[in-house]
$ cat work.cif   # mmCIF, C-alpha atoms
data_final
loop_
_atom_site.label_atom_id
_atom_site.label_comp_id
_atom_site.auth_asym_id
_atom_site.auth_seq_id
_atom_site.Cartn_x
_atom_site.Cartn_y
_atom_site.Cartn_z
CA MET A 218 123.75 100.23 102.62
CA ILE A 219 123.20 101.29 99.00
CA LYS A 220 126.23 99.17 98.17
CA THR A 221 124.70 96.15 99.91
CA ILE A 222 121.44 96.60 98.00
CA LEU A 223 123.28 96.80 94.68
CA LEU A 224 125.31 93.71 95.60
CA LEU A 225 122.10 91.85 96.46
CA ILE A 226 120.61 92.74 93.08
CA PHE A 227 123.77 91.77 91.21
CA GLU A 228 124.37 88.50 93.06
CA PHE A 229 120.78 87.29 92.86
CA MET A 230 120.45 88.15 89.18
CA LYS A 231 123.64 86.19 88.59
CA THR A 232 122.18 83.27 90.52
CA GLY A 233 118.91 83.32 88.58
CA LEU A 234 120.77 83.42 85.31
CA MET A 235 123.44 80.82 86.07
CA ALA A 236 122.05 78.34 88.60
CA VAL A 237 121.41 75.32 86.41
CA GLY A 238 119.68 72.55 88.33
CA GLY A 239 116.89 74.39 90.13
CA GLY A 240 116.53 75.57 93.72
CA MET A 241 119.12 73.25 95.23
CA ALA A 242 121.72 74.60 92.81
CA CYS A 243 120.77 78.11 93.96
CA ILE A 244 121.85 77.05 97.45
CA ARG A 245 125.43 76.61 96.22
CA PHE A 246 125.33 80.12 94.77
CA LEU A 247 124.09 81.41 98.12
CA GLN A 248 127.05 79.68 99.78
CA ASP A 249 129.43 81.41 97.37
CA MET A 250 127.74 84.70 98.27
CA ILE A 251 128.03 84.33 102.02
CA ALA A 252 131.64 83.13 101.70
CA LYS A 253 132.42 86.27 99.73
CA TYR A 254 130.53 88.86 101.77
CA GLY A 255 130.06 87.16 105.15
CA TRP A 256 126.41 88.27 105.22
CA ILE A 257 125.27 85.25 107.25
CA THR A 258 126.91 82.13 108.68
CA GLY A 259 126.77 78.61 107.26
CA GLU A 260 124.63 77.65 110.24
CA GLU A 261 122.12 80.38 109.47
CA LEU A 262 122.01 79.26 105.86
CA ALA A 263 121.23 75.69 106.98
CA ASN A 264 118.39 77.12 109.12
CA ILE A 265 117.16 79.01 106.08
CA ILE A 266 117.17 75.84 103.96
CA ALA A 267 115.14 74.12 106.68
CA VAL A 268 112.53 76.89 106.62
CA ALA A 269 112.56 76.97 102.80
CA GLU A 270 111.98 73.20 102.66
CA SER A 271 109.11 73.21 105.11
CA THR A 272 107.12 76.18 103.82
CA PRO A 273 105.20 76.30 100.55
CA GLY A 274 106.89 77.72 97.49
CA PRO A 275 109.99 77.04 95.42
CA ILE A 276 113.06 76.43 97.62
CA GLY A 277 115.25 78.80 95.62
CA VAL A 278 112.71 81.62 95.99
CA ASN A 279 112.16 80.96 99.69
CA ALA A 280 115.89 80.91 100.43
CA ALA A 281 116.47 84.08 98.39
CA THR A 282 113.71 85.93 100.27
CA TYR A 283 115.12 84.83 103.61
CA VAL A 284 118.71 85.75 102.77
CA GLY A 285 117.62 89.15 101.45
CA TYR A 286 115.66 89.78 104.64
CA SER A 287 118.56 88.70 106.87
CA VAL A 288 121.07 90.87 105.05
CA LEU A 289 119.09 94.13 105.29
CA SER A 290 117.15 93.59 108.53
CA PRO A 291 119.99 94.92 110.75
CA TYR A 292 119.01 98.35 109.33
CA GLY A 293 115.43 97.80 110.50
CA ALA A 294 112.53 95.44 109.77
CA GLY A 295 111.28 97.61 106.90
CA TRP A 296 114.62 97.32 105.19
CA GLY A 297 114.50 93.56 105.77
CA VAL A 298 111.20 93.37 103.91
CA LEU A 299 112.72 95.40 101.09
CA GLY A 300 115.73 93.06 101.06
CA GLY A 301 113.50 90.01 100.72
CA LEU A 302 111.58 91.64 97.91
CA ILE A 303 114.70 92.82 96.07
CA SER A 304 116.52 89.49 96.20
CA THR A 305 113.46 87.51 95.08
CA LEU A 306 112.67 89.82 92.17
CA SER A 307 116.35 89.90 91.18
CA LEU A 308 116.44 86.10 91.26
CA ILE A 309 113.41 85.55 89.08
CA SER A 310 113.65 88.39 86.55
CA PRO A 311 116.58 87.12 84.44
CA GLN A 312 115.11 83.65 84.18
CA ILE A 313 111.69 84.99 83.18
CA ALA A 314 113.46 86.89 80.40
CA VAL A 315 115.33 83.75 79.35
CA ILE A 316 112.16 81.65 79.26
CA VAL A 317 110.18 84.25 77.32
CA PHE A 318 113.04 84.28 74.83
CA VAL A 319 113.14 80.47 74.70
CA ALA A 320 109.35 80.17 74.45
CA LYS A 321 109.38 82.35 71.35
CA GLY A 322 111.49 79.81 69.49
CA LEU A 323 110.62 76.71 71.45
CA GLU A 324 111.27 74.22 68.67
CA LYS A 325 114.50 75.92 67.69
CA TYR A 326 115.78 75.84 71.27
CA ARG A 327 114.79 72.24 71.80
CA SER A 328 116.47 70.95 68.67
CA SER A 329 119.51 73.21 68.87
CA LYS A 330 122.62 71.04 68.90
CA LEU A 331 124.48 73.68 70.87
CA VAL A 332 121.89 73.74 73.67
CA ASN A 333 121.60 69.96 73.86
CA ASP A 334 125.35 69.46 73.85
CA ALA A 335 125.80 72.05 76.59
CA PHE A 336 123.11 70.43 78.72
CA GLY A 337 124.62 67.01 78.18
CA ALA A 338 127.45 68.21 80.43
CA LEU A 339 125.45 70.72 82.48
CA ARG A 340 123.13 68.08 83.93
CA PRO A 341 125.90 66.05 85.61
CA ALA A 342 127.70 69.28 86.54
CA ALA A 343 124.50 70.49 88.24
CA ALA A 344 124.44 67.24 90.24
CA GLY A 345 128.03 67.96 91.32
CA LEU A 346 126.99 71.51 92.18
CA VAL A 347 124.13 70.33 94.39
CA ALA A 348 126.45 67.73 95.96
CA ALA A 349 128.89 70.52 96.85
CA ALA A 350 126.02 72.52 98.38
CA GLY A 351 124.99 69.49 100.43
CA TRP A 352 128.56 68.87 101.53
CA SER A 353 128.81 72.38 103.02
CA VAL A 354 125.54 71.88 104.87
CA ILE A 355 126.71 68.49 106.19
CA GLN A 356 129.96 70.05 107.41
CA SER A 357 128.25 72.87 109.27
CA SER A 358 125.40 70.69 110.63
CA LEU A 359 127.70 68.00 112.04
CA SER A 360 130.47 70.44 113.06
CA LEU A 361 132.67 68.40 110.77
CA SER A 362 136.26 69.43 110.11
CA PHE A 363 139.36 67.58 108.97
CA ALA A 364 142.48 69.30 110.19
CA PRO A 365 142.30 68.48 113.07
CA PHE A 366 139.52 65.94 112.56
CA HIS A 367 136.39 66.68 114.50
CA VAL A 368 132.76 65.66 114.25
CA ASP A 369 129.82 65.91 116.61
CA ALA A 370 129.15 62.22 117.32
CA ILE A 371 125.50 62.58 118.32
CA SER A 372 124.70 64.64 115.22
CA LEU A 373 126.52 62.12 113.06
CA ALA A 374 124.48 59.24 114.51
CA LEU A 375 121.23 61.17 114.00
CA TYR A 376 122.31 62.04 110.47
CA GLY A 377 123.09 58.39 109.62
CA ALA A 378 119.80 57.18 111.05
CA LEU A 379 117.79 59.80 109.13
CA VAL A 380 119.53 59.07 105.82
CA VAL A 381 118.82 55.35 106.18
CA LEU A 382 115.18 56.04 107.09
CA MET A 383 114.71 58.39 104.14
CA LEU A 384 116.12 55.80 101.74
CA VAL A 385 113.59 53.16 102.84
CA PRO A 386 111.27 52.95 99.81
CA LYS A 387 108.12 52.68 101.94
CA LEU A 388 108.90 55.93 103.73
CA LYS A 389 109.43 57.81 100.48
CA SER A 390 105.97 59.32 100.57
CA ILE A 391 106.50 60.82 104.03
CA HIS A 392 106.65 64.57 103.78
CA PRO A 393 110.19 65.99 104.22
CA ALA A 394 108.87 68.48 106.78
CA LEU A 395 108.05 65.55 109.08
CA PHE A 396 111.69 64.46 109.03
CA LEU A 397 112.72 68.03 109.81
CA ALA A 398 110.25 68.11 112.69
CA ALA A 399 111.63 64.80 113.98
CA GLY A 400 115.14 66.25 113.80
CA GLY A 401 114.01 69.29 115.79
CA LEU A 402 112.37 67.13 118.45
CA ILE A 403 115.46 64.94 118.83
CA GLY A 404 117.60 68.07 118.93
CA VAL A 405 115.67 69.22 122.00
CA LEU A 406 115.61 65.79 123.67
CA LEU A 407 119.36 65.27 123.23
CA GLY A 408 120.24 68.90 123.86
CA LEU A 409 122.18 69.25 120.58
CA MET B 99 95.46 87.89 83.31
CA TRP B 100 93.90 88.16 86.74
CA GLU B 101 92.82 84.54 86.50
CA LEU B 102 96.34 83.55 85.43
CA TYR B 103 97.75 85.37 88.45
CA LEU B 104 95.28 83.78 90.86
CA THR B 105 95.85 80.29 89.45
CA PHE B 106 99.59 80.53 90.00
CA LEU B 107 99.11 82.25 93.33
CA LYS B 108 97.25 79.14 94.40
CA ILE B 109 99.91 76.80 93.01
CA GLY B 110 102.66 78.76 94.78
CA ALA B 111 100.73 78.69 98.03
CA VAL B 112 100.27 74.93 98.16
CA MET B 113 103.49 73.62 96.61
CA PHE B 114 105.77 72.10 99.20
CA GLY B 115 109.33 70.90 98.75
CA GLY B 116 110.34 72.86 95.68
CA GLY B 117 109.99 72.61 91.93
CA TYR B 118 109.70 68.86 91.56
CA SER B 119 106.52 68.70 93.60
CA MET B 120 104.95 71.17 91.21
CA LEU B 121 104.22 68.75 88.36
CA PRO B 122 101.10 67.08 89.85
CA LEU B 123 99.79 70.52 90.84
CA LEU B 124 100.30 71.87 87.32
CA MET B 125 98.49 68.84 85.91
CA ARG B 126 95.52 69.29 88.18
CA GLU B 127 95.16 73.05 87.87
CA LEU B 128 96.11 73.64 84.23
CA VAL B 129 95.04 70.44 82.50
CA ASP B 130 92.09 69.13 84.53
CA LYS B 131 90.54 72.32 85.89
CA LYS B 132 91.37 75.22 83.57
CA LYS B 133 92.07 73.20 80.41
CA TRP B 134 94.71 75.75 79.40
CA CYS B 135 97.25 73.11 78.36
CA THR B 136 97.31 69.47 77.39
CA GLU B 137 99.11 66.93 79.54
CA GLU B 138 101.87 66.64 76.92
CA GLU B 139 102.42 70.40 76.93
CA VAL B 140 102.79 70.49 80.70
CA LEU B 141 105.27 67.60 80.66
CA ASP B 142 107.13 69.34 77.88
CA TYR B 143 107.33 72.67 79.74
CA PHE B 144 108.37 70.88 82.87
CA SER B 145 111.25 69.06 81.23
CA LEU B 146 112.34 72.25 79.45
CA ALA B 147 112.15 74.12 82.76
CA GLN B 148 114.90 71.84 84.01
CA CYS B 149 117.02 72.63 80.94
CA THR B 150 116.98 76.37 81.51
CA PRO B 151 118.75 78.15 84.34
CA GLY B 152 117.10 79.13 87.60
CA VAL B 153 114.29 77.99 89.85
CA ILE B 154 112.32 75.25 88.06
CA ALA B 155 108.92 76.38 89.34
CA ILE B 156 109.42 79.90 87.98
CA ASN B 157 110.51 78.53 84.61
CA SER B 158 107.44 76.29 84.36
CA ALA B 159 105.17 79.16 85.36
CA THR B 160 106.73 81.46 82.78
CA PHE B 161 106.24 78.91 80.02
CA VAL B 162 102.54 78.50 80.82
CA GLY B 163 102.10 82.25 81.33
CA TYR B 164 103.76 82.94 77.99
CA LYS B 165 101.39 80.58 76.26
CA ARG B 166 98.37 82.38 77.78
CA GLY B 167 99.53 85.97 77.45
CA LYS B 168 102.99 86.31 75.90
CA ALA B 169 105.74 88.08 77.88
CA LEU B 170 103.33 89.84 80.24
CA GLY B 171 101.65 86.50 80.94
CA GLY B 172 105.03 85.02 81.82
CA VAL B 173 105.71 87.81 84.31
CA VAL B 174 102.20 87.62 85.80
CA ALA B 175 102.35 83.83 86.30
CA SER B 176 105.79 84.02 87.93
CA LEU B 177 104.74 86.81 90.26
CA GLY B 178 101.74 84.67 91.17
CA VAL B 179 104.01 81.80 92.21
CA VAL B 180 106.20 83.95 94.46
CA THR B 181 103.53 86.10 96.16
CA VAL B 182 102.50 83.81 99.03
CA PRO B 183 105.96 82.29 99.69
CA LEU B 184 107.50 85.77 99.74
CA LEU B 185 105.07 87.09 102.35
CA MET B 186 105.26 83.94 104.41
CA ILE B 187 109.06 83.80 104.49
CA ILE B 188 109.34 87.47 105.48
CA VAL B 189 107.01 86.89 108.41
CA ILE B 190 108.84 83.72 109.46
CA ALA B 191 112.25 85.38 109.11
CA ALA B 192 111.13 88.29 111.28
CA VAL B 193 109.66 86.01 113.96
CA LEU B 194 112.58 83.57 113.97
CA GLN B 195 115.14 86.32 114.32
CA ASN B 196 113.56 87.23 117.63
CA LEU B 197 113.22 83.62 118.78
CA MET B 198 116.77 82.57 117.95
CA SER B 199 118.15 83.83 121.25
CA TYR B 200 116.18 81.19 123.20
CA PRO B 201 118.18 78.01 123.99
CA LEU B 202 115.14 75.83 123.23
CA VAL B 203 114.90 77.23 119.70
CA GLN B 204 118.64 76.77 119.25
CA HIS B 205 118.35 73.08 120.19
CA ILE B 206 115.43 72.64 117.80
CA PHE B 207 117.36 74.14 114.93
CA ALA B 208 120.52 72.15 115.72
CA GLY B 209 118.42 69.01 115.21
CA VAL B 210 116.61 70.41 112.19
CA ARG B 211 119.94 71.27 110.54
CA VAL B 212 121.05 67.65 110.85
CA ALA B 213 117.77 66.58 109.24
CA VAL B 214 118.36 69.10 106.43
CA ALA B 215 121.81 67.60 105.86
CA ALA B 216 120.23 64.13 105.67
CA LEU B 217 117.49 65.36 103.34
CA MET B 218 120.02 66.97 101.02
CA THR B 219 122.11 63.78 101.02
CA VAL B 220 119.14 61.75 99.83
CA THR B 221 118.25 64.37 97.19
CA ILE B 222 121.84 64.30 95.95
CA VAL B 223 121.90 60.49 95.73
CA ARG B 224 118.73 60.54 93.62
CA LEU B 225 119.99 63.41 91.48
CA ILE B 226 123.29 61.66 90.75
CA GLN B 227 121.47 58.43 89.91
CA LYS B 228 119.49 60.39 87.34
CA ALA B 229 122.33 62.50 85.93
CA ALA B 230 125.24 60.03 85.90
CA LYS B 231 124.26 57.55 83.25
CA ASN B 232 127.68 56.72 81.78
CA GLY B 233 131.40 57.03 82.42
CA ILE B 234 131.80 60.56 81.16
CA SER B 235 128.88 61.93 83.16
CA TRP B 236 130.25 60.28 86.31
CA VAL B 237 133.55 62.03 85.66
CA ILE B 238 131.74 65.37 85.24
CA VAL B 239 129.82 64.88 88.52
CA ILE B 240 132.98 64.04 90.47
CA VAL B 241 135.22 66.68 88.87
CA SER B 242 132.55 69.36 89.40
CA PHE B 243 132.22 68.42 93.06
CA LEU B 244 135.99 68.47 93.60
CA LEU B 245 136.46 71.76 91.73
CA LEU B 246 133.88 73.42 93.97
CA THR B 247 134.85 71.91 97.31
CA VAL B 248 138.62 71.32 97.12
CA VAL B 249 139.71 73.96 94.61
CA GLY B 250 137.07 76.46 95.71
CA LEU B 251 135.97 77.38 92.19
CA ASP B 252 133.13 79.89 91.93
CA SER B 253 129.86 78.21 90.83
CA VAL B 254 129.46 80.63 87.91
CA TRP B 255 132.73 79.44 86.42
CA LEU B 256 131.79 75.81 86.90
CA VAL B 257 128.54 76.31 84.97
CA LEU B 258 130.33 78.15 82.15
CA MET B 259 133.09 75.53 81.98
CA ALA B 260 130.60 72.65 81.95
CA ALA B 261 128.59 74.26 79.15
CA ALA B 262 131.74 74.82 77.09
CA PHE B 263 132.91 71.27 77.78
CA GLY B 264 129.57 69.84 76.66
CA ILE B 265 129.68 71.84 73.44
CA VAL B 266 133.23 70.70 72.68
CA LEU B 267 132.31 67.12 73.51
CA GLY B 268 129.27 67.40 71.21
CA ARG B 269 127.36 64.38 72.47
CA GLY B 270 124.20 65.85 73.93
CA LYS B 271 120.78 64.33 73.37
CA ARG B 272 117.60 66.14 72.41
CA VAL B 273 115.42 66.83 75.45
#
$ encode --input "work.cif" --output "structure tokens"
Amino acid sequence: MIKTILLLIFEFMKTGLMAVGGGMACIRFLQDMIAKYGWITGEELANIIAVAESTPGPIGVNAATYVGYSVLSPYGAGWGVLGGLISTLSLISPQIAVIVFVAKGLEKYRSSKLVNDAFGALRPAAAGLVAAAGWSVIQSSLSLSFAPFHVDAISLALYGALVVLMLVPKLKSIHPALFLAAGGLIGVLLGL
Amino acid sequence: MWELYLTFLKIGAVMFGGGYSMLPLLMRELVDKKKWCTEEEVLDYFSLAQCTPGVIAINSATFVGYKRGKALGGVVASLGVVTVPLLMIIVIAAVLQNLMSYPLVQHIFAGVRVAVAALMTVTIVRLIQKAAKNGISWVIVIVSFLLLTVVGLDSVWLVLMAAAFGIVLGRGKRV
């Protein structure tokens, strides 16, 4: 268990330090983590993202807390709480240090050619990173696989309908949690 | 310090949908109510928070906290943001773990997962629209995606490679 705790600290510090592109980019790092250690399944991670999206707070922090809880809770609920606390603090501490450092020389950081050049490529790379995170979630949510090809047709139809609805400009102001609730309701009605 | 903590506790407790929804909250709390920052400063912090690694909300909070009380202020503001979400998620995680064995809950989450996939798709479309402004950035988006999904590259390496590539390319713009 000590090993798991140390791994949690290491992996979440790495995520906080390297995840360029905010909370959604953190999700990709979480996927790397669960692929490496098998702590939770892709399905569980998708559930976690759903909870993280529909509760207050930054998505990256919410997901980190949840993963930390899930990883240590088999040892007991108290350990789960500790896991949530450890992963969240590990996630945020490196970035707080980075920002304090940046804030000291704000003008220097902002006008640094090195930083701006790096971020010129990091911004599109972060979009690719988030796209990869989304792709994994799509695969696990629709039971999508390619060899042999398989997809859950009902989920695919629901997915298509929801994407179209969310892209309608007038519906843009609708809270994401309402779409999640609609998905849950349809899941029950159709017995997904 | 206590006031700084409470202010960010409040922001963390009412922000839904991640870092991007934080901007209007920061404006209201920090500019209108507390008058700790000007509107320009908040916009500035917010755009810088996206050009530093990690969760955007924590970065924004640390910037404001630093301005109020140096390094300690940064820590206090960030801890304020995470307090309520941390407690809430732990409670939800504990409750859900017990509920997950019920078929009804499983059906609900099967539907919710599809909605999450749809939500992420829309977020990704908007993100790519914003990030891919020319040929080279399109190439970076696509190559990054393929490296992660097809090749199975670790995200850490992708970030390091992209940063190095940007520096070699030398065409970044000032934020």
$ closest_residue --input "work.cif" --among "A:Leu402, A:Ile303, A:Leu388, A:Ile251" --to "chain B" --atoms "only C-alpha atoms"
A:Leu402
$ atom_distance --input "work.cif" --atom1 "atom CA of Leu123 of chain B" --atom2 "atom CA of Val385 of chain A"
25.2 Å
$ resolve_selection --input "work.cif" --expression "the PyMOL selection byres ((chain B and resi 141-158) around 9)" --output "JSON, numbers by chain"
{"A": [232, 233, 234, 235, 236, 237, 238, 239, 240, 241, 242, 243, 274, 275, 276, 277, 278, 308, 309, 311, 312, 313, 315, 316, 319, 327, 332, 333, 336, 339, 340], "B": [110, 116, 117, 118, 120, 121, 124, 125, 136, 137, 138, 139, 140, 159, 160, 161, 162, 163, 172, 175, 176, 177, 179, 180, 273]}
$ residues_around --input "work.cif" --residues "segment 211-228 of chain B" --least-positions-apart "4" --cutoff "7 Å" --atoms "only C-alpha atoms" --output "PyMOL selection string"
(chain A and resi 263-264+267+344+347-348+351+354-355+358-359+372+376+379-380+384+396-397+400) or (chain B and resi 207)
$ closest_residue --input "work.cif" --among "B:Val249, B:Ile187, B:Met99, B:Ile265" --to "Lys168 of chain B" --atoms "only C-alpha atoms"
B:Met99
$ residues_near_point --input "work.cif" --point "(117.9, 71.7, 125.1)" --cutoff "9 Å" --atoms "all atoms listed in the file" --output "PDB file with C-alpha atoms, in the coordinates of the input"
ATOM      1  CA  GLY A 404     117.600  68.070 118.930  1.00  0.00           C
ATOM      2  CA  VAL A 405     115.670  69.220 122.000  1.00  0.00           C
ATOM      3  CA  LEU A 406     115.610  65.790 123.670  1.00  0.00           C
ATOM      4  CA  LEU A 407     119.360  65.270 123.230  1.00  0.00           C
ATOM      5  CA  GLY A 408     120.240  68.900 123.860  1.00  0.00           C
ATOM      6  CA  LEU A 409     122.180  69.250 120.580  1.00  0.00           C
TER       7      LEU A 409
ATOM      8  CA  PRO B 201     118.180  78.010 123.990  1.00  0.00           C
ATOM      9  CA  LEU B 202     115.140  75.830 123.230  1.00  0.00           C
ATOM     10  CA  VAL B 203     114.900  77.230 119.700  1.00  0.00           C
ATOM     11  CA  GLN B 204     118.640  76.770 119.250  1.00  0.00           C
ATOM     12  CA  HIS B 205     118.350  73.080 120.190  1.00  0.00           C
ATOM     13  CA  ILE B 206     115.430  72.640 117.800  1.00  0.00           C
TER      14      ILE B 206
END
$ closest_residue --input "work.cif" --among "B:Trp255, B:Trp134, B:Trp100, B:Phe114" --to "Ser242 of chain B" --atoms "only C-alpha atoms"
B:Trp255
$ closest_residue --input "work.cif" --among "A:Thr272, A:Ala281, A:Gly345, A:Leu373" --to "His392 of chain A" --atoms "only C-alpha atoms"
A:Thr272
$ atom_distance --input "work.cif" --atom1 "atom CA of Asp249 of chain A" --atom2 "atom CA of Asp252 of chain B"
6.8 Å
$ resolve_selection --input "work.cif" --expression "the PyMOL selection byres ((chain A and resi 296) around 12)" --output "list in words"
Met218, Ile219, Thr221, Ile222, Gly285, Tyr286, Ser287, Val288, Leu289, Ser290, Pro291, Tyr292, Gly293, Ala294, Gly295, Gly297, Val298, Leu299, Gly300, Gly301, Leu302 and Ile303 of chain A; Ile188 and Ala192 of chain B
$ write_last_selection --input "work.cif" --atoms "C-alpha atoms" --output "short mmCIF file (atom, residue, chain, number, x, y, z; two decimals), in the coordinates of the input"
data_model
loop_
_atom_site.label_atom_id
_atom_site.label_comp_id
_atom_site.auth_asym_id
_atom_site.auth_seq_id
_atom_site.Cartn_x
_atom_site.Cartn_y
_atom_site.Cartn_z
CA MET A 218 123.75 100.23 102.62
CA ILE A 219 123.20 101.29 99.00
CA THR A 221 124.70 96.15 99.91
CA ILE A 222 121.44 96.60 98.00
CA GLY A 285 117.62 89.15 101.45
CA TYR A 286 115.66 89.78 104.64
CA SER A 287 118.56 88.70 106.87
CA VAL A 288 121.07 90.87 105.05
CA LEU A 289 119.09 94.13 105.29
CA SER A 290 117.15 93.59 108.53
CA PRO A 291 119.99 94.92 110.75
CA TYR A 292 119.01 98.35 109.33
CA GLY A 293 115.43 97.80 110.50
CA ALA A 294 112.53 95.44 109.77
CA GLY A 295 111.28 97.61 106.90
CA GLY A 297 114.50 93.56 105.77
CA VAL A 298 111.20 93.37 103.91
CA LEU A 299 112.72 95.40 101.09
CA GLY A 300 115.73 93.06 101.06
CA GLY A 301 113.50 90.01 100.72
CA LEU A 302 111.58 91.64 97.91
CA ILE A 303 114.70 92.82 96.07
CA ILE B 188 109.34 87.47 105.48
CA ALA B 192 111.13 88.29 111.28
#
